[in-house]
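Engineer: The following file, model-v1.cif, comprises mmCIF, C-alpha atoms:
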data_my_file
#
loop_
_atom_site.label_atom_id
_atom_site.label_comp_id
_atom_site.auth_asym_id
_atom_site.auth_seq_id
_atom_site.Cartn_x
_atom_site.Cartn_y
_atom_site.Cartn_z
CA MET A 17 119.88 87.96 104.01
CA ALA A 18 117.48 89.91 101.80
CA VAL A 19 114.95 88.02 99.67
CA TYR A 20 115.98 89.76 96.44
CA THR A 21 119.65 89.74 95.53
CA ASP A 22 119.57 93.14 93.79
CA THR A 23 117.32 95.86 92.38
CA GLU A 24 117.29 94.36 88.88
CA GLN A 25 115.99 91.05 90.21
CA LEU A 26 113.19 92.81 92.10
CA TYR A 27 112.25 94.80 88.99
CA ARG A 28 112.29 91.64 86.86
CA TYR A 29 109.87 89.87 89.20
CA VAL A 30 107.53 92.87 89.46
CA GLN A 31 107.57 93.34 85.66
CA ALA A 32 106.69 89.67 85.17
CA LEU A 33 103.91 89.96 87.75
CA ARG A 34 102.50 93.09 86.14
CA ALA A 35 102.50 91.43 82.70
CA ARG A 36 100.74 88.37 84.11
CA ILE A 37 98.07 90.49 85.80
CA ALA A 38 97.42 92.42 82.56
CA GLU A 39 97.13 89.13 80.66
CA LYS A 40 94.86 87.44 83.21
CA ASP A 41 92.62 90.38 84.12
CA PRO A 42 92.95 93.48 81.94
CA GLY A 43 90.33 95.24 84.09
CA ALA A 44 92.32 94.91 87.30
CA ALA A 45 93.80 98.38 86.77
CA ASP A 46 90.47 100.13 86.04
CA ALA A 47 90.03 101.49 89.58
CA ILE A 48 93.50 103.06 89.55
CA LEU A 49 92.81 104.61 86.16
CA ALA A 50 89.43 105.92 87.38
CA SER A 51 91.06 107.40 90.50
CA ASN A 52 93.67 109.21 88.40
CA MET A 53 96.33 108.22 90.95
CA VAL A 54 100.09 107.98 90.74
CA ILE A 55 101.42 105.44 93.24
CA ARG A 56 105.10 105.15 94.06
CA MET A 57 106.51 102.26 96.06
CA CYS A 58 109.93 102.97 97.50
CA CYS A 59 111.62 99.77 98.59
CA THR A 60 114.79 99.20 100.57
CA GLU A 61 117.12 96.19 100.68
CA PRO A 62 117.51 96.46 97.72
CA ASP A 63 116.70 100.09 96.99
CA ALA A 64 114.06 100.35 94.28
CA GLU A 65 111.30 102.69 93.09
CA ILE A 66 108.23 101.42 91.28
CA THR A 67 105.76 104.02 89.98
CA ILE A 68 102.27 103.17 88.77
CA ASN A 69 100.80 105.98 86.69
CA GLY A 70 97.00 105.80 86.59
CA ARG A 71 96.68 109.16 84.83
CA ARG A 72 96.89 107.65 81.34
CA ARG A 73 95.78 104.57 79.47
CA PRO A 74 97.18 102.03 79.41
CA LEU A 75 98.31 101.93 83.01
CA GLU A 76 102.01 102.72 83.02
CA THR A 77 104.49 101.11 85.42
CA THR A 78 108.03 102.45 85.55
CA PHE A 79 111.05 101.20 87.42
CA GLY A 80 113.63 103.51 88.90
CA PRO A 81 113.51 107.16 89.96
CA ARG A 82 110.84 109.23 88.25
CA ARG A 83 110.07 112.94 88.53
CA LEU A 84 106.30 112.36 88.39
CA ARG A 85 104.78 113.48 91.71
CA PRO A 86 102.95 110.61 93.43
CA THR A 87 99.43 110.84 94.82
CA LEU A 88 100.31 108.01 97.21
CA GLU A 89 103.82 107.03 98.28
CA ILE A 90 104.47 103.75 100.04
CA ASP A 91 107.75 102.96 101.82
CA LEU A 92 108.65 99.39 102.73
CA SER A 93 111.46 96.89 102.46
CA ALA A 94 111.49 94.47 99.55
CA ASP A 95 111.25 91.65 102.12
CA THR A 96 108.04 93.20 103.49
CA LEU A 97 106.61 93.52 99.97
CA HIS A 98 107.50 89.87 99.32
CA ALA A 99 105.81 88.71 102.55
CA ILE A 100 102.68 90.74 101.77
CA MET A 101 102.48 89.38 98.22
CA LEU A 102 102.84 85.82 99.52
CA GLY A 103 100.01 86.47 101.98
CA ASP A 104 102.32 85.82 104.94
CA LEU A 105 101.93 89.40 106.21
CA LYS A 106 98.75 91.46 106.21
CA ILE A 107 99.03 95.12 105.21
CA ARG A 108 97.38 96.28 108.44
CA LYS A 109 99.95 94.38 110.50
CA ALA A 110 102.80 95.78 108.39
CA VAL A 111 101.49 99.31 109.04
CA ALA A 112 100.95 98.65 112.75
CA ASP A 113 104.46 97.21 113.10
CA GLY A 114 106.03 100.14 111.23
CA LEU A 115 107.13 97.94 108.32
CA LEU A 116 105.09 99.96 105.82
CA THR A 117 104.40 103.68 105.79
CA ALA A 118 102.20 105.61 103.40
CA ARG A 119 102.01 109.31 102.58
CA GLY A 120 99.57 111.21 100.44
CA THR A 121 95.93 110.48 99.76
CA VAL A 122 95.90 107.25 101.75
CA TRP A 123 92.12 107.14 101.69
CA LYS A 124 92.33 106.47 97.92
CA ALA A 125 94.44 103.34 98.47
CA GLY A 126 91.32 101.22 97.95
CA ALA A 127 91.82 101.80 94.22
CA LEU A 128 94.73 99.35 94.49
CA ALA A 129 92.50 96.51 95.76
CA ASP A 130 91.80 94.68 92.48
CA LEU A 131 95.34 95.03 91.19
CA PHE A 132 96.74 93.92 94.54
CA ARG A 133 94.35 90.95 94.85
CA GLN A 134 95.32 89.74 91.38
CA GLY A 135 98.99 90.21 92.25
CA GLN A 136 98.70 88.06 95.35
CA GLU A 137 96.90 85.32 93.43
CA LEU A 138 99.59 85.21 90.74
CA TYR A 139 102.75 86.00 92.73
CA ARG A 140 103.76 82.42 93.59
CA GLU A 141 103.22 81.36 89.98
CA VAL A 142 105.43 84.19 88.74
CA LEU A 143 108.12 83.36 91.30
CA HIS A 144 108.15 79.77 90.11
CA GLU A 145 108.29 80.77 86.42
CA GLN A 146 111.18 83.13 87.13
CA GLY A 147 113.17 80.34 88.80
CA TRP A 148 112.42 81.04 92.46
CA PRO A 149 113.86 80.17 94.88
CA GLN A 150 117.26 81.21 93.74
CA PRO A 151 120.03 79.00 95.13
CA ARG A 152 122.15 80.96 97.57
CA GLU A 153 125.68 80.24 98.60
CA GLU A 154 126.32 80.36 102.29
CA THR A 155 129.53 81.95 103.48
CA ALA A 156 131.37 80.44 106.39
#
Would it be possible to restate this file's structure as structure tokens?

Structural biologist:
Amino acid sequence: MAVYTDTEQLYRYVQALRARIAEKDPGAADAILASNMVIRMCCTEPDAEITINGRRRPLETTFGPRRLRPTLEIDLSADTLHAIMLGDLKIRKAVADGLLTARGTVWKAGALADLFRQGQELYREVLHEQGWPQPREETA
């Protein structure tokens, strides 16, 4: 069973995480803004698109399909994203195991480091605040 029940739940958690990062460390996005990157994460199970636009201040995050052409596109399942954010799965291992693929200017991915580090530090807190874990009904 997938970690997130649907796309809206995934978006809600990512929106809450992004807001918490901006509140805790407003400078976490500076490297992305300086790199002038557009990063799109395409998730599966559930299907979702999250675009981070570092071409304008303030950093803009949109949810759902967007026509803006990404500088870096990352494909992964929502379960893989969840495991990475929890620290249970390292990005290098996810890439090596084929759980995460990236296209575009991959060498610029270092611009994500501060934002990603802050996200990992705050992810469990955001999950808890949003009512995680969600009770699930088992079917017989």

Engineer: Apply the PyMOL selection byres ((chain A and resi 56) around 7) to the structure shown and report the selected residues as a list in words.

Structural biologist: Val54, Ile55, Met57, Cys58, Glu65, Ile66, Thr67, Ile68, Pro86, Leu88, Glu89 and Ile90 of chain A

Engineer: Hey, which of A:Val30, A:Ala45, A:Leu131, A:Met53 ends up closest to A:Arg85? Count all atoms listed in the file.

Structural biologist: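 When distances to A:Arg85 are compared using all atoms listed in the file, the smallest one comes from A:Met53.
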
Engineer: Can you tell me which residues surround A:Gln134 at a distance of at most 8 Å, considering all atoms listed in the file, apart from same-chain residues fewer than 4 positions away, and format the answer as a CSV table (one decimal) with C-alpha atoms, in the frame of the given file?

Structural biologist:
chain,number,residue,atom,x,y,z
A,37,ILE,CA,98.1,90.5,85.8
A,41,ASP,CA,92.6,90.4,84.1
A,44,ALA,CA,92.3,94.9,87.3
A,130,ASP,CA,91.8,94.7,92.5
A,138,LEU,CA,99.6,85.2,90.7

Engineer: How big is the axis-aligned box around the listed atoms of stretch 78-82 of chain A once 3 Å is added on each side, and where is its centre? Give both in Å to one decimal, as lines of an AutoDock Vina configuration file.

Structural biologist:
center_x = 110.8
center_y = 105.2
center_z = 87.8
size_x = 11.6
size_y = 14.0
size_z = 10.4

Engineer: Could you please determine the separation between atom CA of A:Arg133 and atom CA of A:Met101 in Å, to one decimal place?

Structural biologist: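 Rounded to one decimal, the two atoms are 8.9 Å apart.
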
Engineer: Name the residues in contact with A:Gln31 at a cut-off of 10 Å, using all atoms listed in the file, excluding same-chain residues fewer than 5 positions from it; report them as a list of chain:residue names.

Structural biologist: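 Counting all atoms listed in the file, the residues come to A:Gln25, A:Leu26, A:Arg36, A:Ile37, A:Ile66, A:Thr77, A:Thr78, A:Phe79, A:Val142.
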
Engineer: Only C-alpha atoms, please: the residues just picked out, written as a compact mmCIF listing (two decimals), keeping the file's coordinate frame.

Structural biologist:
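What landed in out33.txt:
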# COMPACT_ATOMS: atom_id res chain seq x y z
CA GLN A 25 115.99 91.05 90.21
CA LEU A 26 113.19 92.81 92.10
CA ARG A 36 100.74 88.37 84.11
CA ILE A 37 98.07 90.49 85.80
CA ILE A 66 108.23 101.42 91.28
CA THR A 77 104.49 101.11 85.42
CA THR A 78 108.03 102.45 85.55
CA PHE A 79 111.05 101.20 87.42
CA VAL A 142 105.43 84.19 88.74

Engineer: What is the distance between atom CA of A:Ala18 and atom CA of A:Ala94, in Å to one decimal?

Structural biologist: 7.9 Å

Engineer: To one decimal place in Å, what is the distance between atom CA of A:Thr121 and atom CA of A:Tyr29?

Structural biologist: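 Here the two named atoms are 27.0 Å from each other.
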
Engineer: Would you kindly return, as an NGL selection string, each protein, DNA or RNA residue with an atom no farther than 12 Å from any atom of A:Leu97, considering all atoms listed in the file and excluding same-chain residues fewer than 6 positions away?

Structural biologist: :A and (18-20 or 26 or 29-30 or 57-62 or 64 or 66 or 90-91 or 103-107 or 110-111 or 115-117 or 132 or 135-136 or 139)

Engineer: My list of candidates is A:His144, A:Gly126, A:Asp95, A:Ser51. Which is closest to A:Thr21 when distances are computed with all atoms listed in the file?

Structural biologist: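 Counting all atoms listed in the file, the residue closest to A:Thr21 is A:Asp95.
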